[in-house]
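Heads up, the thing below is written out as structure tokens.
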Amino acid sequence: MNVLVVSCNHHKAGVQLRERLAFSNPEELQRAYQQWHEVHPDSELVVLST
């Protein structure tokens, strides 16, 4: 099993990148999941936002 971890925080990433990664409502997050699975159909995705 391979695991890839990608992180983004306010210390390392600029505002423009953080805005592109922000999901302001559940529909946007669902759309991101769908797009991920279209490109990577045999993989799993977890989004953790704190």
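Identifiers in the structure tokens: chain A, B, ... in order shown; residue index from 1 per chain; ligand index from 1 in order shown.
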
Please return, as number ranges by chain, all residues of chain A that DSSP assigns to alpha helix (DSSP H) on the basis of the backbone.
A: 15-21, 26-39

Compile the contact shell of stretch 11-21 of chain A as number ranges by chain: residues with an atom at most 12 Å away, counting only C-alpha atoms, same-chain residues fewer than 5 positions apart removed.
A: 6, 28-29, 32, 47-49

Quick one: write out the picked residues with N, CA and C atoms as a tab-separated table (two decimals), in the first residue's frame?
chain	number	residue	atom	x	y	z
A	6	VAL	N	-0.38	15.17	1.54
A	6	VAL	CA	-0.16	16.53	1.06
A	6	VAL	C	-0.73	17.46	2.11
A	28	GLU	N	-19.10	21.91	-2.94
A	28	GLU	CA	-17.75	22.08	-3.49
A	28	GLU	C	-16.86	20.90	-3.12
A	29	LEU	N	-16.96	20.44	-1.91
A	29	LEU	CA	-16.17	19.29	-1.48
A	29	LEU	C	-16.59	18.03	-2.24
A	32	ALA	N	-15.11	18.13	-5.65
A	32	ALA	CA	-13.67	17.81	-5.61
A	32	ALA	C	-13.46	16.30	-5.51
A	47	VAL	N	-9.95	14.22	3.02
A	47	VAL	CA	-9.66	15.64	3.21
A	47	VAL	C	-9.86	15.93	4.69
A	48	LEU	N	-8.82	16.43	5.32
A	48	LEU	CA	-8.88	16.79	6.74
A	48	LEU	C	-8.64	18.28	6.85
A	49	SER	N	-9.62	18.98	7.34
A	49	SER	CA	-9.51	20.43	7.50
A	49	SER	C	-9.71	20.76	8.97

Contacts of A:Leu4 at 12 Å (only C-alpha atoms; same-chain gap of 3+ positions) as a ChimeraX atom specification
/A:1,7,43-46

Keeping N, CA and C atoms for every residue in the selection just given, could you write it to a file as a PDB file, in the first residue's frame?
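Result saved to selection-v8.pdb:
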ATOM      1  N   MET A   1       0.849  -1.169   0.000  1.00  0.00           N
ATOM      2  CA  MET A   1       0.000   0.000   0.000  1.00  0.00           C
ATOM      3  C   MET A   1       0.898   1.237   0.000  1.00  0.00           C
ATOM      4  N   SER A   7       0.041  18.459   2.487  1.00  0.00           N
ATOM      5  CA  SER A   7      -0.461  19.383   3.503  1.00  0.00           C
ATOM      6  C   SER A   7      -0.313  20.824   3.035  1.00  0.00           C
ATOM      7  N   SER A  43      -8.303   4.778  -6.390  1.00  0.00           N
ATOM      8  CA  SER A  43      -7.654   5.288  -5.184  1.00  0.00           C
ATOM      9  C   SER A  43      -8.697   5.867  -4.234  1.00  0.00           C
ATOM     10  N   GLU A  44      -8.242   6.179  -3.044  1.00  0.00           N
ATOM     11  CA  GLU A  44      -9.102   6.767  -2.031  1.00  0.00           C
ATOM     12  C   GLU A  44      -8.564   8.139  -1.665  1.00  0.00           C
ATOM     13  N   LEU A  45      -9.433   8.968  -1.127  1.00  0.00           N
ATOM     14  CA  LEU A  45      -9.072  10.341  -0.788  1.00  0.00           C
ATOM     15  C   LEU A  45      -9.704  10.716   0.540  1.00  0.00           C
ATOM     16  N   VAL A  46      -8.915  11.352   1.388  1.00  0.00           N
ATOM     17  CA  VAL A  46      -9.419  11.891   2.646  1.00  0.00           C
ATOM     18  C   VAL A  46      -9.005  13.348   2.706  1.00  0.00           C
TER      19      VAL A  46
END

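One finds atom CA of A:Asn9 at 21.7 Å from atom CA of A:Gln30.
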
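For the pair atom CA of A:His37 and atom CA of A:Cys8, the interatomic distance is 21.0 Å.
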